[in-house]
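Undergrad: Structure file coords.cif (mmCIF, C-alpha atoms) right here:
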```
data_coords
#
loop_
_atom_site.label_atom_id
_atom_site.label_comp_id
_atom_site.auth_asym_id
_atom_site.auth_seq_id
_atom_site.Cartn_x
_atom_site.Cartn_y
_atom_site.Cartn_z
CA MET R 29 47.96 -129.73 50.61
CA ILE R 30 45.92 -129.72 53.83
CA LYS R 31 44.52 -133.18 54.60
CA PHE R 32 42.69 -132.68 57.89
CA HIS R 33 39.93 -130.13 58.30
CA PRO R 34 37.46 -129.14 61.02
CA SER R 35 34.06 -130.81 60.61
CA GLU R 36 31.12 -129.13 58.91
CA GLN R 37 29.59 -128.77 62.37
CA HIS R 38 32.70 -126.90 63.58
CA LEU R 39 32.53 -124.49 60.65
CA VAL R 40 28.85 -123.81 61.27
CA GLN R 41 29.44 -123.20 64.97
CA TYR R 42 32.46 -121.06 64.16
CA ALA R 43 30.39 -118.94 61.78
CA MET R 44 27.75 -118.48 64.49
CA GLY R 45 30.31 -117.75 67.22
CA GLU R 46 29.03 -120.76 69.12
CA LEU R 47 32.32 -122.61 69.71
CA SER R 48 34.34 -122.19 72.90
CA PRO R 49 36.79 -119.27 72.71
CA ALA R 50 39.76 -121.63 72.36
CA MET R 51 38.08 -123.52 69.53
CA LEU R 52 37.09 -120.25 67.81
CA MET R 53 40.79 -119.40 67.74
CA MET R 54 41.75 -122.86 66.48
CA VAL R 55 39.14 -123.11 63.74
CA GLY R 56 39.68 -119.47 62.73
CA SER R 57 43.41 -120.05 62.35
CA HIS R 58 42.80 -123.17 60.28
CA VAL R 59 40.44 -121.23 58.01
CA ASP R 60 43.11 -118.54 57.57
CA MET R 61 45.45 -121.24 56.27
CA CYS R 62 42.93 -123.24 54.22
CA PRO R 63 41.41 -121.95 50.96
CA THR R 64 39.01 -124.91 50.88
CA CYS R 65 37.52 -124.05 54.26
CA GLN R 66 37.43 -120.34 53.35
CA MET R 67 35.14 -121.18 50.44
CA HIS R 68 33.14 -123.56 52.56
CA LEU R 69 32.76 -120.92 55.27
CA ARG R 70 31.34 -118.43 52.80
CA ASP R 71 28.67 -120.96 51.85
CA VAL R 72 27.94 -121.64 55.50
CA GLU R 73 27.56 -117.92 56.22
CA GLU R 74 25.28 -117.53 53.22
CA GLN R 75 23.07 -120.37 54.49
CA LEU R 76 23.03 -119.08 58.07
CA CYS R 77 22.04 -115.69 56.72
CA GLN R 78 19.16 -117.14 54.73
CA LYS R 79 18.00 -119.01 57.79
CA ALA R 80 18.32 -115.98 60.07
CA PHE R 81 16.60 -113.51 57.73
CA GLY R 82 14.22 -115.85 55.97
CA GLN R 83 12.11 -117.09 58.88
CA ARG R 84 8.51 -116.07 59.28
CA GLN R 85 8.39 -113.22 61.66
CA VAL R 86 6.59 -113.27 64.96
CA PRO R 87 4.79 -110.01 65.71
CA LEU R 88 7.38 -107.59 66.98
CA ALA R 89 7.56 -104.27 68.66
CA GLN R 90 7.08 -101.62 65.99
CA LEU R 91 10.35 -100.14 64.80
CA ASP R 92 10.35 -96.38 64.91
CA GLU R 93 11.92 -96.12 61.52
CA GLU R 94 12.31 -92.39 61.35
CA ALA R 95 13.88 -92.07 64.79
CA MET R 96 16.32 -94.91 64.10
CA LEU R 97 17.33 -93.49 60.73
CA ASN R 98 17.94 -90.08 62.25
CA ALA R 99 19.98 -91.54 65.06
CA ILE R 100 22.10 -93.46 62.55
CA PHE R 101 22.64 -90.45 60.25
CA GLN R 102 23.73 -88.42 63.24
CA SER R 103 25.98 -91.08 64.74
CA SER R 104 29.71 -90.91 64.30
CA VAL R 105 31.96 -93.74 63.15
CA LYS R 106 32.88 -96.03 66.00
CA PRO R 107 36.53 -96.94 66.12
CA SER R 108 37.04 -100.63 65.47
CA ALA R 109 37.34 -102.72 68.62
CA ALA R 110 40.12 -104.70 66.98
CA SER R 111 43.43 -104.72 68.80
CA SER R 112 45.93 -102.30 67.35
CA ALA R 113 48.84 -103.80 65.44
CA PRO R 114 48.78 -107.45 64.37
CA LEU R 115 51.77 -109.53 65.33
CA GLU R 116 53.01 -110.86 62.03
CA THR R 117 55.67 -113.25 63.21
CA LEU R 118 56.34 -115.24 66.33
CA SER R 119 59.95 -115.84 67.38
CA LEU R 120 61.51 -118.66 69.34
CA GLU R 121 65.14 -119.69 69.64
CA GLY R 122 66.15 -117.51 66.73
CA LYS R 123 63.42 -118.90 64.44
CA ARG R 124 60.58 -116.81 63.09
CA PHE R 125 57.14 -118.09 62.18
CA LYS R 126 54.51 -116.29 60.11
CA LEU R 127 51.24 -116.34 62.06
CA PRO R 128 47.78 -117.03 60.61
CA ALA R 129 45.75 -113.79 60.63
CA THR R 130 43.48 -114.81 63.53
CA LEU R 131 46.50 -115.40 65.75
CA ALA R 132 48.25 -112.29 64.45
CA ARG R 133 45.24 -110.14 65.38
CA ASN R 134 45.32 -111.68 68.86
CA GLY R 135 49.10 -111.41 69.12
CA ASP R 136 48.95 -109.34 72.31
CA ARG R 137 47.51 -112.38 74.11
CA ILE R 138 50.55 -114.57 73.51
CA GLY R 139 52.53 -115.16 76.70
CA PRO R 140 56.25 -115.94 77.07
CA TRP R 141 57.81 -119.21 75.97
CA SER R 142 58.73 -121.74 78.61
CA LYS R 143 60.64 -124.96 78.16
CA MET R 144 58.84 -128.21 78.83
CA LEU R 145 60.20 -131.73 78.97
CA GLY R 146 62.55 -132.84 76.25
CA LYS R 147 62.86 -130.66 73.19
CA MET R 148 59.56 -128.92 73.60
CA TRP R 149 58.48 -125.39 74.37
CA ARG R 150 55.13 -123.81 75.00
CA ALA R 151 53.64 -120.33 75.06
CA PRO R 152 50.14 -119.75 76.41
CA ILE R 153 47.51 -117.66 74.68
CA GLU R 154 45.47 -115.79 77.25
CA ILE R 155 41.84 -115.70 76.20
CA GLY R 156 40.36 -115.20 79.63
CA SER R 157 38.01 -118.17 79.39
CA GLY R 158 39.87 -120.52 81.71
CA GLU R 159 40.59 -122.81 78.77
CA THR R 160 44.06 -124.01 77.91
CA LEU R 161 45.29 -122.75 74.56
CA ASN R 162 49.00 -123.05 73.85
CA PHE R 163 51.54 -122.81 71.13
CA ILE R 164 53.58 -126.00 71.36
CA TYR R 165 56.93 -126.02 69.65
CA MET R 166 58.66 -129.36 69.07
CA ASP R 167 62.25 -129.25 67.91
CA GLN R 168 63.51 -131.95 65.54
CA GLY R 169 63.46 -135.40 67.06
CA ALA R 170 61.09 -134.53 69.91
CA GLN R 171 58.48 -136.92 71.26
CA VAL R 172 55.49 -136.66 73.58
CA PRO R 173 55.14 -139.93 75.51
CA GLU R 174 52.17 -142.09 74.54
CA HIS R 175 49.00 -140.74 76.10
CA THR R 176 45.23 -140.59 75.95
CA HIS R 177 42.93 -137.74 76.88
CA ARG R 178 40.08 -137.67 79.31
CA GLY R 179 38.52 -134.95 77.23
CA PHE R 180 39.48 -133.89 73.75
CA GLU R 181 42.63 -132.50 72.20
CA ALA R 182 42.63 -130.26 69.15
CA THR R 183 45.87 -129.52 67.33
CA LEU R 184 46.59 -127.23 64.40
CA VAL R 185 49.94 -127.39 62.65
CA VAL R 186 51.05 -123.78 62.17
CA ASN R 187 54.41 -124.63 60.64
CA GLY R 188 56.38 -127.83 60.09
CA VAL R 189 55.47 -131.47 60.38
CA PHE R 190 54.81 -134.02 63.11
CA ASN R 191 53.46 -137.52 63.05
CA ASP R 192 51.84 -140.06 65.33
CA GLU R 193 50.98 -143.73 64.89
CA SER R 194 48.19 -143.06 62.42
CA ASP R 195 49.39 -140.24 60.17
CA GLU R 196 51.60 -137.31 59.31
CA TYR R 197 50.41 -133.74 59.92
CA ARG R 198 51.62 -130.66 58.08
CA ASP R 199 50.96 -126.91 57.82
CA GLY R 200 47.27 -126.20 58.25
CA ASP R 201 46.24 -129.71 59.30
CA PHE R 202 43.58 -129.67 62.02
CA VAL R 203 43.38 -132.78 64.20
CA LEU R 204 40.73 -133.49 66.80
CA LEU R 205 41.21 -136.43 69.17
CA ASP R 206 39.03 -137.66 72.01
CA GLY R 207 39.61 -140.03 74.91
CA HIS R 208 39.46 -143.11 72.67
CA HIS R 209 42.64 -142.21 70.85
CA LYS R 210 46.00 -143.20 72.20
CA HIS R 211 48.89 -141.52 70.46
CA THR R 212 52.55 -140.58 70.55
CA PRO R 213 53.17 -137.34 68.66
CA GLN R 214 56.73 -136.86 67.47
CA THR R 215 58.88 -134.89 65.10
CA GLN R 216 61.68 -136.34 63.01
CA HIS R 217 63.96 -134.30 60.76
CA GLU R 218 61.90 -131.11 60.88
CA ASP R 219 60.68 -129.02 63.76
CA CYS R 220 57.02 -128.21 64.27
CA LEU R 221 54.98 -125.34 65.66
CA THR R 222 51.42 -126.22 66.64
CA LEU R 223 48.51 -124.55 68.33
CA ALA R 224 46.78 -126.90 70.76
CA THR R 225 43.90 -126.96 73.18
CA ILE R 226 42.90 -129.73 75.56
CA ASP R 227 40.02 -129.72 77.96
CA ALA R 228 41.36 -132.21 80.49
CA PRO R 229 44.83 -133.36 81.54
CA MET R 230 46.64 -135.89 79.41
CA HIS R 231 46.91 -139.41 80.66
CA PHE R 232 50.24 -141.06 79.88
CA THR R 233 49.89 -144.74 79.13
CA SER R 234 53.26 -146.33 78.55
CA GLY R 235 56.22 -147.41 80.68
CA LEU R 236 58.03 -144.87 82.79
CA SER R 237 56.07 -142.00 81.31
CA ARG R 238 53.20 -143.10 83.55
CA LEU R 239 55.19 -141.44 86.30
CA LEU R 240 54.29 -138.17 84.61
CA ASN R 241 50.58 -138.55 85.26
CA PRO R 242 50.54 -136.80 88.62
CA PHE R 243 52.30 -133.88 86.96
CA SER R 244 50.56 -133.91 83.62
CA SER R 245 48.62 -130.81 84.46
CA LEU R 246 51.93 -129.01 84.70
CA PHE R 247 53.00 -130.55 81.45
CA LEU R 248 50.27 -129.45 79.09
CA LYS R 249 47.37 -128.46 81.23
CA MET V 2 4.77 -99.46 51.18
CA PRO V 3 6.78 -99.63 47.98
CA PRO V 4 7.67 -103.09 46.64
CA VAL V 5 10.66 -104.40 48.59
CA GLN V 6 13.28 -104.52 45.90
CA ALA V 7 16.15 -104.91 48.35
CA ASP V 8 15.23 -108.59 48.22
CA ASN V 9 17.10 -108.69 44.94
CA PRO V 10 20.78 -109.29 45.80
CA GLU V 11 22.08 -107.15 42.94
CA HIS V 12 19.86 -104.29 43.94
CA ALA V 13 20.98 -104.55 47.57
CA ALA V 14 24.63 -104.47 46.46
CA GLU V 15 23.86 -101.41 44.34
CA LEU V 16 22.29 -99.65 47.31
CA LEU V 17 25.43 -100.31 49.35
CA ALA V 18 27.55 -98.90 46.52
CA ARG V 19 25.44 -95.72 46.49
CA ILE V 20 25.79 -95.37 50.25
CA ALA V 21 29.56 -95.78 49.94
CA SER V 22 30.08 -93.42 47.03
CA GLU V 23 27.58 -90.63 47.69
CA GLN V 24 26.29 -91.19 51.26
CA SER V 25 22.85 -91.63 49.75
CA ARG V 26 20.29 -91.44 52.56
CA ALA V 27 17.55 -92.64 50.24
CA ALA V 28 19.52 -95.77 49.41
CA PHE V 29 20.17 -96.39 53.08
CA ALA V 30 16.53 -95.89 54.02
CA GLU V 31 15.52 -98.48 51.43
CA LEU V 32 18.08 -100.95 52.76
CA PHE V 33 16.96 -100.21 56.31
CA ARG V 34 13.30 -100.90 55.52
CA HIS V 35 14.27 -104.28 54.14
CA PHE V 36 16.84 -105.44 56.68
CA ALA V 37 15.86 -103.82 59.98
CA PRO V 38 12.75 -106.02 60.54
CA ARG V 39 14.74 -109.11 59.62
CA LEU V 40 17.55 -108.19 61.99
CA GLN V 41 14.98 -107.45 64.64
CA ALA V 42 13.35 -110.87 64.25
CA TYR V 43 16.75 -112.59 64.32
CA ALA V 44 17.92 -110.66 67.37
CA THR V 45 14.65 -111.18 69.24
CA ARG V 46 14.98 -114.95 68.75
CA GLN V 47 18.60 -114.77 69.91
CA PHE V 48 18.20 -112.58 72.98
CA GLY V 49 14.54 -112.94 73.88
CA ASN V 50 14.66 -109.31 74.85
CA GLU V 51 13.14 -106.48 72.85
CA GLN V 52 15.47 -103.74 73.99
CA THR V 53 18.65 -105.74 73.30
CA ALA V 54 17.23 -106.74 69.92
CA MET V 55 16.59 -103.10 69.12
CA ASP V 56 20.14 -102.19 70.14
CA LEU V 57 21.50 -104.86 67.81
CA VAL V 58 19.43 -103.53 64.90
CA GLN V 59 20.59 -100.00 65.59
CA GLU V 60 24.25 -100.91 65.92
CA THR V 61 24.29 -103.23 62.91
CA MET V 62 22.63 -100.70 60.63
CA ALA V 63 24.87 -97.87 61.90
CA ASN V 64 27.84 -99.98 60.79
CA VAL V 65 26.22 -100.56 57.40
CA TRP V 66 25.82 -96.78 57.04
CA HIS V 67 29.39 -95.92 58.02
CA LYS V 68 31.22 -98.91 56.57
CA ALA V 69 29.39 -99.57 53.29
CA HIS V 70 32.68 -99.06 51.43
CA LEU V 71 34.00 -102.25 53.04
CA PHE V 72 31.40 -104.44 51.37
CA LYS V 73 33.03 -106.59 48.66
CA PRO V 74 30.46 -107.87 46.16
CA ASP V 75 32.83 -110.60 44.97
CA ARG V 76 32.97 -112.14 48.44
CA GLY V 77 29.27 -112.73 48.99
CA SER V 78 25.86 -111.11 49.04
CA ALA V 79 24.90 -107.86 50.76
CA ALA V 80 22.55 -109.80 53.03
CA THR V 81 25.37 -112.11 54.17
CA TRP V 82 27.66 -109.16 54.81
CA ILE V 83 25.00 -107.53 56.98
CA PHE V 84 24.36 -110.85 58.71
CA THR V 85 28.06 -111.23 59.60
CA ILE V 86 28.09 -107.69 61.05
CA ALA V 87 25.10 -108.67 63.20
CA ARG V 88 26.84 -111.93 64.18
CA ASN V 89 29.85 -109.92 65.42
CA ILE V 90 27.71 -107.49 67.38
CA ARG V 91 25.75 -110.35 68.94
CA PHE V 92 29.02 -112.02 69.95
CA ASP V 93 30.27 -108.87 71.68
CA PHE V 94 26.89 -108.29 73.38
CA LEU V 95 26.99 -111.84 74.78
CA ARG V 96 30.58 -111.46 75.91
CA LYS V 97 29.72 -108.41 77.95
CA ASN V 98 27.01 -110.38 79.67
CA LYS V 99 28.03 -112.58 82.55
CA HIS V 100 27.38 -115.95 80.96
CA ARG V 101 30.47 -115.84 78.83
CA GLN V 102 33.71 -115.18 80.58
CA HIS V 103 36.40 -114.51 78.05
CA ASP V 104 37.80 -111.47 76.37
CA LEU V 105 38.04 -112.24 72.69
CA SER V 106 36.60 -109.50 70.56
CA ALA V 107 34.49 -110.30 67.51
CA ASP V 108 36.53 -107.93 65.34
CA ASP V 109 39.68 -109.88 66.19
CA LEU V 110 38.00 -113.17 65.23
CA TRP V 111 36.04 -112.11 62.14
CA PRO V 112 37.47 -108.91 60.63
CA VAL V 113 34.28 -108.11 58.70
CA LEU V 114 34.76 -104.40 59.29
CA ALA V 115 38.54 -104.18 59.08
CA GLU V 116 39.81 -101.49 56.74
CA GLU V 117 41.61 -103.07 53.81
CA ASN V 118 45.11 -102.14 54.98
CA GLU V 119 44.50 -103.94 58.28
CA SER V 120 44.24 -107.25 56.51
CA LEU V 121 47.49 -109.15 56.56
CA ASP V 122 46.37 -111.74 54.07
CA ASP V 123 45.39 -109.26 51.42
CA ASP V 124 48.72 -107.48 51.71
CA TYR V 125 50.47 -110.76 51.48
CA ALA V 126 48.46 -111.86 48.46
CA LEU V 127 49.10 -108.56 46.71
CA ASP V 128 52.85 -108.77 47.21
CA ASN V 129 52.79 -112.30 46.02
CA ASP V 130 50.79 -111.42 42.91
CA LEU V 131 53.10 -108.59 41.97
CA LEU V 132 56.12 -110.76 42.47
CA MET V 133 54.57 -113.50 40.34
CA GLN V 134 53.74 -111.11 37.52
CA GLN V 135 57.25 -109.76 37.57
CA LEU V 136 58.76 -113.22 37.65
CA ALA V 137 56.63 -114.21 34.66
CA VAL V 138 58.09 -111.30 32.73
CA TYR V 139 61.65 -112.24 33.68
CA THR V 140 61.05 -115.88 32.78
CA GLU V 141 60.12 -114.76 29.28
CA SER V 142 63.63 -113.44 28.79
CA LEU V 143 65.32 -116.77 29.54
CA PRO V 144 66.69 -118.88 26.68
CA LYS V 145 63.92 -121.20 25.49
CA ALA V 146 65.52 -124.43 26.73
CA GLN V 147 65.90 -123.01 30.25
CA ARG V 148 62.45 -121.46 30.27
CA ILE V 149 60.77 -124.78 29.45
CA VAL V 150 62.56 -126.51 32.31
CA ILE V 151 61.65 -123.72 34.76
CA GLU V 152 58.00 -123.78 33.74
CA LEU V 153 57.73 -127.54 34.07
CA ILE V 154 59.28 -127.47 37.53
CA TYR V 155 57.85 -124.29 39.04
CA VAL V 156 54.54 -123.92 37.23
CA GLU V 157 53.56 -127.54 36.72
CA GLY V 158 55.33 -128.81 39.82
CA LYS V 159 57.22 -131.66 38.13
CA SER V 160 60.35 -133.14 39.68
CA GLN V 161 63.67 -132.78 37.87
CA GLN V 162 63.55 -136.48 37.03
CA GLU V 163 60.05 -136.13 35.53
CA VAL V 164 61.26 -133.21 33.45
CA ALA V 165 64.22 -135.26 32.22
CA ASP V 166 61.86 -138.09 31.24
CA ALA V 167 59.36 -135.77 29.57
CA LEU V 168 61.98 -133.95 27.50
CA GLU V 169 64.11 -137.06 26.96
CA ILE V 170 67.27 -135.33 28.16
CA PRO V 171 69.74 -136.42 30.87
CA LEU V 172 68.95 -135.48 34.48
CA GLY V 173 72.29 -133.63 34.65
CA THR V 174 71.16 -131.36 31.82
CA VAL V 175 67.91 -130.56 33.64
CA LYS V 176 69.90 -129.72 36.75
CA SER V 177 72.34 -127.45 34.98
CA ARG V 178 69.55 -125.68 33.03
CA THR V 179 67.65 -125.14 36.29
CA ARG V 180 70.75 -123.76 37.97
CA LEU V 181 71.60 -121.44 35.09
CA ALA V 182 68.01 -120.23 34.81
CA LEU V 183 67.72 -119.50 38.54
CA GLN V 184 71.05 -117.69 38.46
CA LYS V 185 69.87 -115.59 35.54
CA LEU V 186 66.56 -114.82 37.28
CA LYS V 187 68.40 -113.80 40.42
CA GLU V 188 70.55 -111.39 38.42
CA LEU V 189 67.49 -109.92 36.71
CA ILE V 190 65.72 -109.39 40.03
CA GLN V 191 68.76 -107.85 41.70
CA HIS V 192 69.48 -105.68 38.70
CA HIS V 193 65.91 -104.47 38.69
CA ASP V 194 65.94 -103.63 42.39
#
```
Rewrite the structure of this file - the entire thing - as structure tokens.

TA:
Amino acid sequence: MIKFHPSEQHLVQYAMGELSPAMLMMVGSHVDMCPTCQMHLRDVEEQLCQKAFGQRQVPLAQLDEEAMLNAIFQSSVKPSAASSAPLETLSLEGKRFKLPATLARNGDRIGPWSKMLGKMWRAPIEIGSGETLNFIYMDQGAQVPEHTHRGFEATLVVNGVFNDESDEYRDGDFVLLDGHHKHTPQTQHEDCLTLATIDAPMHFTSGLSRLLNPFSSLFLK
Amino acid sequence: MPPVQADNPEHAAELLARIASEQSRAAFAELFRHFAPRLQAYATRQFGNEQTAMDLVQETMANVWHKAHLFKPDRGSAATWIFTIARNIRFDFLRKNKHRQHDLSADDLWPVLAEENESLDDDYALDNDLLMQQLAVYTESLPKAQRIVIELIYVEGKSQQEVADALEIPLGTVKSRTRLALQKLKELIQHHD
């Protein structure tokens, strides 16, 4: 059962295409995994449609109906702009993960895995917007040192479970943290694949891990 | 002008069905008369540019004409389907303009116009449904005592201990019935394949 969802505002902005590209990918992947948000999204789209089509119209340039109809009847089917074959599973270290449809359709953007500190791996997703969007894989018993964020961090659990001081997060959970939150994500007896985006480097707050701060942009951003 | 009946959601859905099944130009013209001005007003507000707005109307309605068979009445209204096509086209228009530097395509984010066999989820759901139906049939052939245990655990989601309590039988019995039932099901599935 998914406990953490994007906000209503996120769903509305997602439906309008008004989120940043990284957040469109994150919210879209959550929706793929979450029947509740799928239903909610349909309502949101219905409402946006009523708003878009229901407003009183300002005087507009006259549509040349006949010319447009003829042009349409004579047009040929455009091939879909969608990328060719979806990537159904993602592999790492001999494990295979089923990808949410949004990620599968964008599978050709997924870069190679690289090992980070400890028992963690990451693979970037190239969306060409200059934002950081990564798969983060935490093996069992992995821990990210305690940190805060100067900006925000959004995390979606694609497969597995991790926890921090305040809760436990499982498949489909969508967590948004801002600079006020201090946390120490970790895995225990299970591994965890997440999708994560942050808009500013992490700031490590405890003990020796503070030594990481000068390098934190190498670490996750 | 004739009364604009396309306002009625059922009628709009019917028009789409006629376009899909018989390429009815009359049905499309009726839909066009209703939606084109609305799309134009929406796009003009969005772009503030008449020519771009006109392009959006043209491209959206061309998709409605060619892809009417992809409209699924059980997933929402005709108006919402057309709106989501326009949303996708707007997104791709904006991407091609310099303000938005990224290369995500609307069709990869919102597969409104994906042919059915392109949809992973639907395939997955179908497989799952078939498997479930088949499993239900196999479960019927289990001895009654085993079937009850299987249903309580796999359909109602009870733990083995809860099943033992509910049926007032020892936990060990629940475990052995579960094991025997699963073994039997496995044989049935393998035999069938």

Undergrad: Translate the PyMOL selection byres ((chain V and resi 164) around 12), as applied to the file shown, into an explicit residue set as a PyMOL selection string.

TA: chain V and resi 146-147+149-155+157-163+165-176+178-179

Undergrad: Between chain V and chain R, at 9 Å or less, what are the per-residue closest atom pairs and their distances in Å? Count all atoms listed in the file, order by chain and rising residue number, and return it as a tab-separated table.

TA:
```
residue	atom	partner	partner_atom	distance
V:Arg26	CA	R:Phe101	CA	8.1
V:Phe29	CA	R:Leu97	CA	8.7
V:Ala30	CA	R:Leu97	CA	7.2
V:Phe33	CA	R:Leu97	CA	8.1
V:Arg34	CA	R:Glu93	CA	7.8
V:Phe36	CA	R:Phe81	CA	8.1
V:Ala37	CA	R:Leu91	CA	8.2
V:Pro38	CA	R:Leu91	CA	7.6
V:Arg39	CA	R:Phe81	CA	5.1
V:Leu40	CA	R:Phe81	CA	6.9
V:Gln41	CA	R:Leu88	CA	8.0
V:Ala42	CA	R:Gln85	CA	6.1
V:Tyr43	CA	R:Ala80	CA	5.7
V:Thr45	CA	R:Leu88	CA	8.4
V:Glu51	CA	R:Ala89	CA	7.3
V:Met55	CA	R:Leu91	CA	8.1
V:Gln59	CA	R:Met96	CA	6.8
V:Glu60	CA	R:Ile100	CA	8.5
V:Met62	CA	R:Ile100	CA	7.5
V:Ala63	CA	R:Ile100	CA	5.2
V:Asn64	CA	R:Val105	CA	7.8
V:Trp66	CA	R:Ile100	CA	7.4
V:His67	CA	R:Val105	CA	6.1
V:Lys68	CA	R:Val105	CA	8.4
V:Arg76	CA	R:Arg70	CA	7.8
V:Gly77	CA	R:Arg70	CA	7.2
V:Ser78	CA	R:Glu74	CA	7.7
V:Ala80	CA	R:Cys77	CA	7.0
V:Thr81	CA	R:Glu74	CA	5.5
V:Trp82	CA	R:Cys77	CA	8.8
V:Ile83	CA	R:Cys77	CA	8.7
V:Phe84	CA	R:Cys77	CA	5.7
V:Thr85	CA	R:Glu73	CA	7.5
V:Arg88	CA	R:Met44	CA	6.6
V:Asn89	CA	R:Gly45	CA	8.0
V:Arg91	CA	R:Gly45	CA	8.9
V:Phe92	CA	R:Gly45	CA	6.5
V:Arg101	CA	R:Ser157	CA	7.9
V:Gln102	CA	R:Ser157	CA	5.4
V:His103	CA	R:Ser157	CA	4.2
V:Asp104	CA	R:Gly156	CA	5.6
V:Leu105	CA	R:Ile155	CA	6.2
V:Ser106	CA	R:Ala110	CA	6.9
V:Ala107	CA	R:Ala110	CA	8.0
V:Asp108	CA	R:Ala110	CA	5.1
V:Asp109	CA	R:Ala110	CA	5.3
V:Leu110	CA	R:Thr130	CA	6.0
V:Trp111	CA	R:Thr130	CA	8.0
V:Pro112	CA	R:Ala110	CA	8.1
V:Leu114	CA	R:Ser108	CA	7.6
V:Ala115	CA	R:Ser108	CA	7.5
V:Glu119	CA	R:Pro114	CA	8.2
V:Ser120	CA	R:Ala129	CA	7.9
V:Leu121	CA	R:Ala129	CA	6.4
V:Asp122	CA	R:Ala129	CA	6.9
```

Undergrad: Please evaluate the PyMOL selection byres ((chain V and resi 186) around 12) against the structure above and give the resulting residues as an MDAnalysis selection string.

TA: chainID V and resid 135:144 147:148 151 179:185 187:193

Undergrad: What does the distance between CA of Gly188 (chain R) and CA of Lys126 (chain R) come to in Å, to one decimal place?

TA: 11.7 Å

Undergrad: Taking all listed atoms of region 150-166 of chain V, build the axis-aligned box, pad each of the six sides by 4 Å, then write its centre and edge lengths in Å to one decimal as lines of an AutoDock Vina configuration file.

TA:
```
center_x = 58.9
center_y = -130.9
center_z = 35.5
size_x = 18.7
size_y = 22.4
size_z = 16.6
```

Undergrad: Could you state the separation of CA of His70 (chain V) and CA of Leu32 (chain V) in Å, given to one decimal place?

TA: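 Taking CA of His70 (chain V) and CA of Leu32 (chain V), their separation equals 14.8 Å.
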
Undergrad: For CA of Arg124 (chain R) and CA of Leu39 (chain R), determine how far apart the two atoms are, in Å to one decimal place.

TA: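 CA of Arg124 (chain R) sits 29.2 Å away from CA of Leu39 (chain R).
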
Undergrad: If the PyMOL selection byres ((chain R and resi 148) around 8) were run on this exact file, what residues would it hold? Put them as a tab-separated table (two decimals) with C-alpha atoms, in the coordinates of the input.

TA:
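Result written to result31.tsv:
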```tsv
chain	number	residue	atom	x	y	z
R	143	LYS	CA	60.64	-124.96	78.16
R	144	MET	CA	58.84	-128.21	78.83
R	145	LEU	CA	60.20	-131.73	78.97
R	146	GLY	CA	62.55	-132.84	76.25
R	147	LYS	CA	62.86	-130.66	73.19
R	149	TRP	CA	58.48	-125.39	74.37
R	150	ARG	CA	55.13	-123.81	75.00
R	164	ILE	CA	53.58	-126.00	71.36
R	165	TYR	CA	56.93	-126.02	69.65
R	166	MET	CA	58.66	-129.36	69.07
R	167	ASP	CA	62.25	-129.25	67.91
R	170	ALA	CA	61.09	-134.53	69.91
```

Undergrad: Skipping near chain neighbours, those fewer than 5 positions away, what residues fall within 7 Å of region 204-213 of chain R using all atoms listed in the file, listed as a ChimeraX atom specification?

TA: /R:171-183,190-193

Undergrad: Using all atoms listed in the file, which of the listed residues (R:Ile138, R:Met29, R:Ile153, R:Cys220) sits closest to Leu184 (chain R)?

TA: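 Among the listed residues, R:Cys220 lies closest to Leu184 (chain R).
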
Undergrad: Region 160-162 of chain R: which residues within 6 Å, counting all atoms listed in the file, same-chain residues fewer than 4 positions away excluded, as a compact mmCIF listing (two decimals) with C-alpha atoms, keeping the file's coordinate frame?

TA:
```txt
# COMPACT_ATOMS: atom_id res chain seq x y z
CA ALA R 151 53.64 -120.33 75.06
CA PRO R 152 50.14 -119.75 76.41
CA ILE R 153 47.51 -117.66 74.68
CA LEU R 223 48.51 -124.55 68.33
CA ALA R 224 46.78 -126.90 70.76
CA THR R 225 43.90 -126.96 73.18
```

Undergrad: Counting all atoms listed in the file, figure out which residue out of V:Ser177, V:Asp8, V:Ala13, V:Ala54 gets nearest to Ala79 (chain V).

TA: V:Ala13
